[in-house]
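> Next up, structure_35.txt (compact mmCIF, C-alpha atoms (C1' of nucleotides)).
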```txt
# COMPACT_ATOMS: atom_id res chain seq x y z
CA MET J 785 -8.12 -5.52 -9.42
CA PRO J 786 -9.54 -7.25 -6.41
CA GLU J 787 -13.30 -6.82 -6.19
CA LEU J 788 -15.78 -8.74 -4.06
CA PRO J 789 -15.07 -12.25 -5.48
CA GLU J 790 -11.31 -11.76 -5.43
CA VAL J 791 -11.28 -10.42 -1.87
CA GLU J 792 -13.64 -13.20 -0.76
CA THR J 793 -11.28 -15.78 -2.29
CA ILE J 794 -8.31 -14.20 -0.55
CA VAL J 795 -10.12 -14.09 2.80
CA ARG J 796 -11.08 -17.77 2.55
CA GLY J 797 -7.51 -18.70 1.67
CA LEU J 798 -6.11 -16.70 4.55
CA ARG J 799 -8.52 -18.30 7.02
CA GLU J 800 -7.22 -21.73 6.09
CA GLN J 801 -3.60 -20.71 6.47
CA ILE J 802 -3.05 -18.28 9.32
CA LEU J 803 -6.04 -18.25 11.68
CA GLY J 804 -5.07 -18.81 15.30
CA ILE J 805 -1.32 -19.07 14.73
CA GLU J 806 0.86 -16.85 16.89
CA ILE J 807 2.59 -14.01 15.08
CA GLN J 808 6.30 -13.96 15.76
CA ALA J 809 7.32 -10.92 13.75
CA ALA J 810 5.69 -8.20 11.71
CA ARG J 811 7.12 -5.36 9.74
CA LEU J 812 5.93 -2.46 7.66
CA LEU J 813 8.08 -1.70 4.66
CA LYS J 814 5.96 1.00 3.03
CA ALA J 815 5.09 3.29 5.89
CA ASP J 816 2.95 5.61 3.78
CA MET J 817 0.37 2.86 3.31
CA LEU J 818 -0.57 2.77 6.99
CA ARG J 819 -3.00 5.21 8.53
CA ILE J 820 -3.30 4.83 12.28
CA PRO J 821 -5.91 6.82 14.17
CA ARG J 822 -4.25 9.14 16.71
CA ARG J 823 -5.37 7.13 19.74
CA ALA J 824 -2.95 4.32 19.11
CA SER J 825 0.55 5.09 17.94
CA ARG J 826 2.77 2.19 18.74
CA LYS J 827 5.36 0.65 16.51
CA PHE J 828 3.78 -1.46 13.78
CA LYS J 829 5.12 -4.76 15.07
CA ASP J 830 3.80 -4.12 18.57
CA PHE J 831 0.24 -4.45 17.30
CA PHE J 832 0.94 -8.01 16.14
CA VAL J 833 3.85 -9.77 17.85
CA GLY J 834 2.69 -12.39 20.36
CA ARG J 835 -0.90 -12.17 19.14
CA ASN J 836 -2.87 -14.10 16.54
CA PHE J 837 -5.68 -13.49 14.12
CA VAL J 838 -8.97 -14.84 15.46
CA ALA J 839 -11.12 -13.75 12.51
CA ILE J 840 -10.62 -12.64 8.93
CA ASP J 841 -13.62 -11.13 7.19
CA ARG J 842 -14.53 -9.29 4.05
CA VAL J 843 -16.58 -6.10 4.03
CA GLY J 844 -17.14 -4.90 0.49
CA LYS J 845 -13.64 -4.93 -0.98
CA PHE J 846 -11.99 -4.46 2.43
CA LEU J 847 -10.30 -7.18 4.45
CA LEU J 848 -10.87 -7.07 8.19
CA PHE J 849 -8.37 -8.93 10.40
CA THR J 850 -9.35 -9.28 14.06
CA LEU J 851 -6.57 -9.99 16.55
CA ASN J 852 -7.10 -11.85 19.80
CA ASP J 853 -6.94 -8.56 21.73
CA ARG J 854 -9.86 -7.45 19.50
CA SER J 855 -7.86 -4.74 17.79
CA ARG J 856 -8.33 -4.79 14.05
CA LEU J 857 -6.30 -4.42 10.91
CA VAL J 858 -8.20 -3.14 7.89
CA ALA J 859 -6.69 -3.64 4.46
CA HIS J 860 -7.71 -2.50 1.01
CA LEU J 861 -5.82 -3.94 -1.94
CA GLY J 862 -6.41 -1.10 -4.38
CA MET J 863 -5.51 -2.10 -7.90
CA THR J 864 -2.53 -4.36 -7.51
CA GLY J 865 -2.48 -5.52 -3.89
CA LYS J 866 -1.89 -9.18 -3.03
CA PHE J 867 -1.66 -11.34 0.06
CA VAL J 868 0.52 -14.38 -0.44
CA VAL J 869 1.24 -17.08 2.14
CA THR J 870 4.41 -19.12 1.76
CA ASN J 871 6.53 -21.36 3.93
CA GLY J 872 8.88 -18.41 4.37
CA ARG J 873 11.87 -20.00 2.74
CA PHE J 874 11.93 -17.48 -0.10
CA PRO J 875 13.56 -14.05 -0.16
CA ASP J 876 11.33 -11.01 0.16
CA PRO J 877 9.44 -10.36 -3.06
CA PRO J 878 9.63 -6.98 -4.79
CA TYR J 879 7.05 -4.36 -3.77
CA LEU J 880 6.62 -5.89 -0.35
CA CYS J 881 4.53 -3.52 1.79
CA SER J 882 4.05 -5.44 5.01
CA GLN J 883 4.97 -8.90 6.24
CA TYR J 884 3.85 -11.21 9.05
CA ILE J 885 5.80 -14.26 10.20
CA PHE J 886 4.04 -16.99 12.15
CA ARG J 887 5.29 -19.39 14.78
CA ASN J 888 4.80 -22.38 12.45
CA GLY J 889 7.16 -20.84 9.90
CA GLN J 890 4.51 -19.58 7.51
CA ARG J 891 4.92 -16.08 6.18
CA LEU J 892 2.25 -13.69 4.94
CA ASP J 893 3.56 -11.25 2.34
CA HIS J 894 1.49 -8.20 1.55
CA ILE J 895 2.60 -6.96 -1.86
CA ASP J 896 1.36 -3.94 -3.81
CA VAL J 897 3.12 -2.61 -6.90
CA ARG J 898 1.18 0.61 -7.34
CA ARG J 899 0.49 1.13 -3.66
CA PHE J 900 -3.10 2.20 -4.23
CA GLY J 901 -3.95 -0.04 -1.33
CA ARG J 902 -4.21 1.00 2.27
CA LEU J 903 -3.77 -0.34 5.80
CA GLU J 904 -5.43 0.93 8.95
CA ILE J 905 -5.26 -0.29 12.55
CA TYR J 906 -8.07 0.25 15.05
CA PRO J 907 -8.11 -0.44 18.79
CA SER J 908 -10.64 -2.83 20.26
CA GLY J 909 -14.21 -1.63 20.10
CA SER J 910 -13.62 1.47 18.02
CA LYS J 911 -15.71 2.24 14.99
CA ILE J 912 -14.19 1.91 11.56
CA PRO J 913 -15.37 4.90 9.52
CA ILE J 914 -14.28 3.60 6.11
CA ILE J 915 -16.35 0.47 6.66
CA GLU J 916 -19.38 2.18 8.20
CA ARG J 917 -19.70 4.28 5.05
CA LEU J 918 -20.19 1.21 2.83
CA GLY J 919 -23.49 0.09 1.38
CA PRO J 920 -24.49 -3.60 1.49
CA ASP J 921 -22.77 -5.95 -0.94
CA PRO J 922 -24.76 -8.13 -3.38
CA LEU J 923 -24.11 -11.34 -1.43
CA SER J 924 -25.10 -9.99 1.97
CA PRO J 925 -28.55 -10.52 3.51
CA GLU J 926 -28.90 -6.72 3.78
CA PHE J 927 -28.95 -6.52 -0.01
CA LYS J 928 -32.63 -5.82 -0.65
CA PRO J 929 -34.83 -4.20 -3.29
CA GLN J 930 -34.44 -0.96 -1.34
CA THR J 931 -30.68 -1.15 -1.92
CA LEU J 932 -31.11 -1.13 -5.67
CA ARG J 933 -33.68 1.64 -5.38
CA SER J 934 -31.00 3.77 -3.74
CA LEU J 935 -29.16 3.64 -7.06
CA LEU J 936 -32.00 5.48 -8.78
CA PHE J 937 -33.06 7.78 -5.97
CA GLY J 938 -30.82 9.89 -3.72
CA ARG J 939 -31.39 10.38 -0.02
CA SER J 940 -33.46 13.43 -0.85
CA GLY J 941 -35.74 11.26 -2.99
CA ARG J 942 -34.63 12.99 -6.16
CA ARG J 943 -33.96 10.82 -9.16
CA ARG J 944 -30.26 10.42 -9.90
CA ARG J 945 -28.88 11.25 -13.32
CA ARG J 946 -25.51 9.51 -13.29
CA ALA J 947 -24.68 6.59 -15.58
CA MET J 948 -25.61 3.17 -14.17
CA HIS J 949 -22.03 1.94 -14.46
CA THR J 950 -20.80 4.85 -12.36
CA LEU J 951 -23.50 4.24 -9.74
CA LEU J 952 -22.60 0.56 -9.41
CA LEU J 953 -19.04 1.61 -8.55
CA ASP J 954 -20.22 3.90 -5.74
CA GLN J 955 -19.27 1.91 -2.63
CA SER J 956 -21.55 3.95 -0.38
CA LEU J 957 -24.56 2.62 -2.30
CA ILE J 958 -23.46 -0.95 -3.06
CA SER J 959 -20.10 -2.30 -1.93
CA GLY J 960 -17.83 -4.84 -3.53
CA VAL J 961 -18.60 -4.01 -7.15
CA GLY J 962 -15.68 -2.81 -9.27
CA ASN J 963 -15.13 -2.27 -12.95
CA ILE J 964 -15.17 -5.91 -14.01
CA TYR J 965 -18.42 -6.92 -12.32
CA ALA J 966 -20.20 -3.64 -13.03
CA SER J 967 -19.81 -4.33 -16.75
CA GLU J 968 -20.64 -8.02 -16.38
CA ALA J 969 -23.79 -7.43 -14.29
CA LEU J 970 -25.08 -4.74 -16.64
CA PHE J 971 -24.58 -7.08 -19.58
CA ARG J 972 -26.53 -9.85 -17.89
CA ALA J 973 -29.31 -7.39 -17.03
CA GLY J 974 -29.43 -6.04 -20.60
CA ILE J 975 -28.73 -2.46 -19.49
CA ARG J 976 -26.15 -0.28 -21.22
CA PRO J 977 -23.52 1.07 -18.83
CA GLN J 978 -24.07 4.65 -19.99
CA ARG J 979 -27.83 4.56 -19.37
CA ARG J 980 -28.70 7.34 -16.95
CA ALA J 981 -30.34 6.25 -13.70
CA ASP J 982 -33.37 8.42 -14.45
CA ARG J 983 -33.96 6.39 -17.61
CA VAL J 984 -33.98 3.03 -15.85
CA ARG J 985 -37.37 1.46 -15.19
CA LEU J 986 -38.02 0.24 -11.68
CA ARG J 987 -38.73 -3.27 -12.89
CA GLU J 988 -35.32 -3.43 -14.60
CA LEU J 989 -33.78 -3.20 -11.15
CA GLY J 990 -34.93 -6.71 -10.33
CA ALA J 991 -32.95 -8.10 -13.23
CA LEU J 992 -29.95 -6.04 -12.18
CA ALA J 993 -30.12 -7.30 -8.59
CA ASP J 994 -30.31 -10.90 -9.83
CA SER J 995 -27.42 -10.31 -12.22
CA LEU J 996 -25.23 -8.81 -9.51
CA ARG J 997 -25.87 -11.68 -7.11
CA GLN J 998 -25.46 -14.31 -9.82
CA VAL J 999 -22.22 -12.96 -11.28
CA MET J 1000 -20.71 -12.53 -7.80
CA ARG J 1001 -21.66 -16.07 -6.78
CA GLU J 1002 -20.24 -17.58 -9.97
CA ALA J 1003 -17.03 -15.55 -9.68
CA VAL J 1004 -16.50 -16.57 -6.04
CA ALA J 1005 -16.97 -20.20 -7.07
CA ALA J 1006 -14.30 -19.71 -9.75
CA GLY J 1007 -11.85 -18.12 -7.32
CA GLY J 1008 -12.14 -14.66 -8.87
CA THR J 1009 -10.97 -13.08 -12.11
CA THR J 1010 -7.31 -12.70 -13.00
CA VAL J 1011 -6.83 -10.09 -15.70
CA SER J 1012 -3.36 -8.95 -14.72
CA ASP J 1013 -2.20 -8.74 -11.11
CA TYR J 1014 -4.71 -10.54 -8.95
CA ARG J 1015 -3.58 -13.84 -7.47
CA ARG J 1016 -5.05 -16.12 -4.86
CA VAL J 1017 -3.27 -16.62 -1.56
CA ASP J 1018 -1.57 -19.67 -3.08
CA ASP J 1019 -0.49 -17.46 -6.03
CA LYS J 1020 -2.78 -19.25 -8.47
CA PRO J 1021 -4.87 -17.15 -10.89
CA GLY J 1022 -8.67 -16.90 -10.68
CA ARG J 1023 -10.61 -18.84 -13.29
CA PHE J 1024 -13.55 -16.50 -13.87
CA VAL J 1025 -11.68 -14.72 -16.70
CA ALA J 1026 -12.93 -17.53 -18.96
CA SER J 1027 -16.52 -16.61 -18.12
CA LEU J 1028 -16.30 -12.88 -18.83
CA ARG J 1029 -18.90 -11.82 -21.40
CA VAL J 1030 -17.83 -8.23 -22.04
CA TYR J 1031 -15.06 -7.02 -19.72
CA ASP J 1032 -11.73 -6.55 -21.53
CA ARG J 1033 -13.27 -7.97 -24.74
CA GLU J 1034 -13.43 -4.81 -26.87
CA GLY J 1035 -13.77 -5.70 -30.58
CA GLN J 1036 -14.41 -9.37 -29.86
CA PRO J 1037 -17.75 -10.97 -30.75
CA CYS J 1038 -20.52 -11.08 -28.16
CA ARG J 1039 -20.95 -14.65 -26.96
CA ASP J 1040 -24.73 -14.35 -27.36
CA CYS J 1041 -25.23 -12.41 -30.63
CA GLU J 1042 -21.74 -12.04 -32.15
CA ALA J 1043 -21.94 -8.23 -32.35
CA LYS J 1044 -18.63 -6.55 -31.57
CA ILE J 1045 -18.17 -5.64 -27.92
CA LYS J 1046 -17.71 -1.91 -27.40
CA ARG J 1047 -15.81 0.08 -24.81
CA THR J 1048 -16.66 3.52 -23.49
CA ILE J 1049 -15.34 5.77 -20.72
CA LEU J 1050 -17.68 6.65 -17.85
CA GLY J 1051 -16.51 8.65 -14.88
CA GLY J 1052 -12.93 8.10 -16.06
CA ARG J 1053 -13.35 4.32 -16.10
CA SER J 1054 -13.67 1.80 -18.94
CA ALA J 1055 -17.09 0.23 -19.36
CA TYR J 1056 -17.68 -2.64 -21.79
CA TYR J 1057 -21.00 -3.60 -23.38
CA CYS J 1058 -22.68 -5.36 -26.25
CA PRO J 1059 -24.45 -2.75 -28.43
CA LYS J 1060 -27.06 -5.31 -29.50
CA CYS J 1061 -27.85 -7.16 -26.26
CA GLN J 1062 -27.89 -4.09 -24.02
CA LYS J 1063 -30.41 -1.27 -24.35
C1' DC G 663 -26.97 16.85 -1.07
C1' DT G 664 -25.14 15.77 -5.72
C1' DT G 665 -21.78 15.32 -9.24
C1' DG G 666 -17.36 15.98 -11.37
C1' DT G 667 -12.19 16.34 -11.43
C1' DG G 668 -7.59 15.37 -10.25
C1' DC G 669 -4.36 12.95 -7.54
C1' DC G 670 -1.82 8.94 -5.84
C1' DC G 671 1.65 5.14 -8.19
C1' DT G 672 4.31 2.28 -11.51
C1' DG G 673 4.25 -1.29 -15.28
C1' DC G 674 3.13 -1.58 -19.77
C1' DC G 675 2.78 -0.62 -24.62
C1' DA G 676 1.60 2.04 -28.85
C1' DG G 677 3.78 5.15 -31.51
C1' DC G 678 7.60 7.52 -32.99
C1' DT S 639 15.88 -1.09 -31.69
C1' DG S 640 15.15 1.98 -28.00
C1' DC S 641 12.82 5.54 -25.78
C1' DT S 642 8.74 7.75 -23.86
C1' DG S 643 4.19 9.81 -23.13
C1' DG S 644 0.00 8.39 -21.92
C1' DC S 645 -2.95 5.06 -20.01
C1' DA S 646 -4.88 1.94 -16.44
C1' DG S 647 -8.01 2.56 -12.07
C1' DG S 648 -10.24 2.41 -6.32
C1' DG S 649 -10.88 5.66 -3.16
C1' DC S 650 -10.60 10.05 -1.49
C1' DA S 651 -10.01 15.18 -1.06
C1' DC S 652 -11.69 19.01 -2.91
C1' DA S 653 -14.47 22.09 -5.93
C1' DA S 654 -18.66 23.69 -7.93
```
Before we go any further, please render this structure as structure tokens.


Amino acid sequence: MPELPEVETIVRGLREQILGIEIQAARLLKADMLRIPRRASRKFKDFFVGRNFVAIDRVGKFLLFTLNDRSRLVAHLGMTGKFVVTNGRFPDPPYLCSQYIFRNGQRLDHIDVRRFGRLEIYPSGSKIPIIERLGPDPLSPEFKPQTLRSLLFGRSGRRRRRAMHTLLLDQSLISGVGNIYASEALFRAGIRPQRRADRVRLRELGALADSLRQVMREAVAAGGTTVSDYRRVDDKPGRFVASLRVYDREGQPCRDCEAKIKRTILGGRSAYYCPKCQK
DNA sequence: CTTGTGCCCTGCCAGC
DNA sequence: TGCTGGCAGGGCACAA
């Protein structure tokens, strides 16, 4: 599942491969994945053909492609989405959702088995609601003590009662964190995933902020975490899986204390933790 | 405002 | 051995 480090790795790979190269053809194979705001309803290819990508950015877990006419393609990879660049001499892969062919012969395949992902196209200058709703991500300069405080206190100033793991997954508070890094950051901060926000001390937030930043930086450096589907643009797996302390390690010994790693369900999602290292 | 639930989708695998 | 029900989960619509 692509989270911040995986999406960042993909974005960096895409920049190297396709920036500034004219798009010769584009097609949408899974029409239900595209949501176009009413204002612009052209054929899919007409947004791309003859143009080129001038910028590719990451916002939270979203990819933001800017074309030279300043219109923008927003992509979310959901659980199983991939962007793969090849020399175009291979047949279409299964589960192809959209495809972009460049003048130099390169081909960008957008693949998504479960189709939890999403594409949106916005005209130049228009606001992108799904991105404006996002909180700052742990690697952005806007990520401040106040950001972490918003985990514990709602807009009304009332103390939240949800589990910390669930709060970390709330993209409107902090963006880019998914199941893997929520568990990993909480482990590093010594906080159990099921601990309610109203039972977290303010000074524990500092450790959590450091853990989030640290785990994200390390994972980006490793090219992300490949548990099942995620692949880099060059189809190689991410190496951070070797550094996971708790995620997907139920029953295995904690690397610090050798207690057995436990798994629990919070908000319908698996959370992993060490019962001895995390309080 | 806050929190919880179910839905989307398909590969995988435990259990029969 | 072969089938199958349930599980996995990011984001969102909707309900309470």

> With 10 Å as the cut-off and only C-alpha atoms (C1' of nucleotides) counted, what is the closest atom pair between each nearby residue of chain G and region 643-653 of chain S? Distances in Å to one decimal, ordered by chain and number, as JSON lines.


```
{"residue": "G:DG666", "atom": "C1'", "partner": "S:DA653", "partner_atom": "C1'", "distance": 8.7}
{"residue": "G:DT667", "atom": "C1'", "partner": "S:DA653", "partner_atom": "C1'", "distance": 8.3}
{"residue": "G:DG668", "atom": "C1'", "partner": "S:DC652", "partner_atom": "C1'", "distance": 9.2}
{"residue": "G:DC669", "atom": "C1'", "partner": "S:DA651", "partner_atom": "C1'", "distance": 8.9}
{"residue": "G:DC670", "atom": "C1'", "partner": "S:DC650", "partner_atom": "C1'", "distance": 9.9}
{"residue": "G:DG673", "atom": "C1'", "partner": "S:DA646", "partner_atom": "C1'", "distance": 9.8}
{"residue": "G:DC674", "atom": "C1'", "partner": "S:DC645", "partner_atom": "C1'", "distance": 9.0}
{"residue": "G:DC675", "atom": "C1'", "partner": "S:DC645", "partner_atom": "C1'", "distance": 9.3}
{"residue": "G:DA676", "atom": "C1'", "partner": "S:DG644", "partner_atom": "C1'", "distance": 9.5}
{"residue": "G:DG677", "atom": "C1'", "partner": "S:DG643", "partner_atom": "C1'", "distance": 9.6}
```

> Got a sec to pull out which chain J residues are within 7 Å of chain S, counting only C-alpha atoms (C1' of nucleotides), and send them as an MDAnalysis selection string?

chainID J and resid 862:863 1053

> What is the CA of Asp893 (chain J)-CA of Thr1009 (chain J) distance in Å, reported with one decimal?

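Separating CA of Asp893 (chain J) from CA of Thr1009 (chain J) is a distance of 20.6 Å.
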
> Taking only residues of chain J that have an atom at most 10 Å from an atom of chain G, what is each one's shortest atom pair and its distance in Å to one decimal, using only C-alpha atoms (C1' of nucleotides), in chain and number order, as a tab-separated table?


```
residue	atom	partner	partner_atom	distance
J:Val897	CA	G:DT672	C1'	6.8
J:Arg898	CA	G:DC671	C1'	4.6
J:Arg899	CA	G:DC671	C1'	6.2
J:Phe900	CA	G:DC671	C1'	6.8
J:Gly938	CA	G:DC663	C1'	8.4
J:Arg939	CA	G:DC663	C1'	7.9
J:Ser940	CA	G:DC663	C1'	7.3
J:Arg942	CA	G:DT664	C1'	9.9
J:Arg944	CA	G:DT664	C1'	8.5
J:Arg945	CA	G:DT665	C1'	9.1
J:Arg946	CA	G:DT665	C1'	8.0
J:Gly1051	CA	G:DG666	C1'	8.2
J:Gly1052	CA	G:DT667	C1'	9.5
```

> What's the separation between CA of Ile958 (chain J) and CA of Leu918 (chain J), in Å to one decimal place?

7.1 Å

> To one decimal place in Å, what is the distance between CA of Leu989 (chain J) and CA of Thr1010 (chain J)?

28.2 Å

> Nearest to Phe832 (chain J): which of J:Glu800, J:Tyr1057, J:Glu926, J:Ser855 is it, counting only C-alpha atoms?

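Of all the options, J:Ser855 lies closest to Phe832 (chain J).
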
> I'd like the neighbourhood of Asp830 (chain J) as a list in words, where a residue qualifies if any of its atoms comes within 12 Å (using all atoms listed in the file), though same-chain residues fewer than 6 positions away should be ignored.

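That gives Ile807, Gln808, Ala809, Ala810, Arg811, Leu812, Ala824, Ser855, Tyr884 and Ile905 of chain J.
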
> For Leu935 (chain J), work out the shell of residues within 9 Å, counting all atoms listed in the file and skipping chain neighbours fewer than 4 positions away, then give it as a list in words.

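These residues fall inside the cut-off: Thr931, Arg943, Arg944, Met948, Leu951, Leu952, Leu957, Ile958 and Ala981 of chain J.
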
> Emit as JSON the padded axis-aligned box for all listed atoms of region 643-651 of chain S, 8 Å per side, with centre and edge lengths in Å to one decimal.


```
{"center_x": -3.3, "center_y": 8.6, "center_z": -12.1, "size_x": 31.1, "size_y": 29.2, "size_z": 38.1}
```
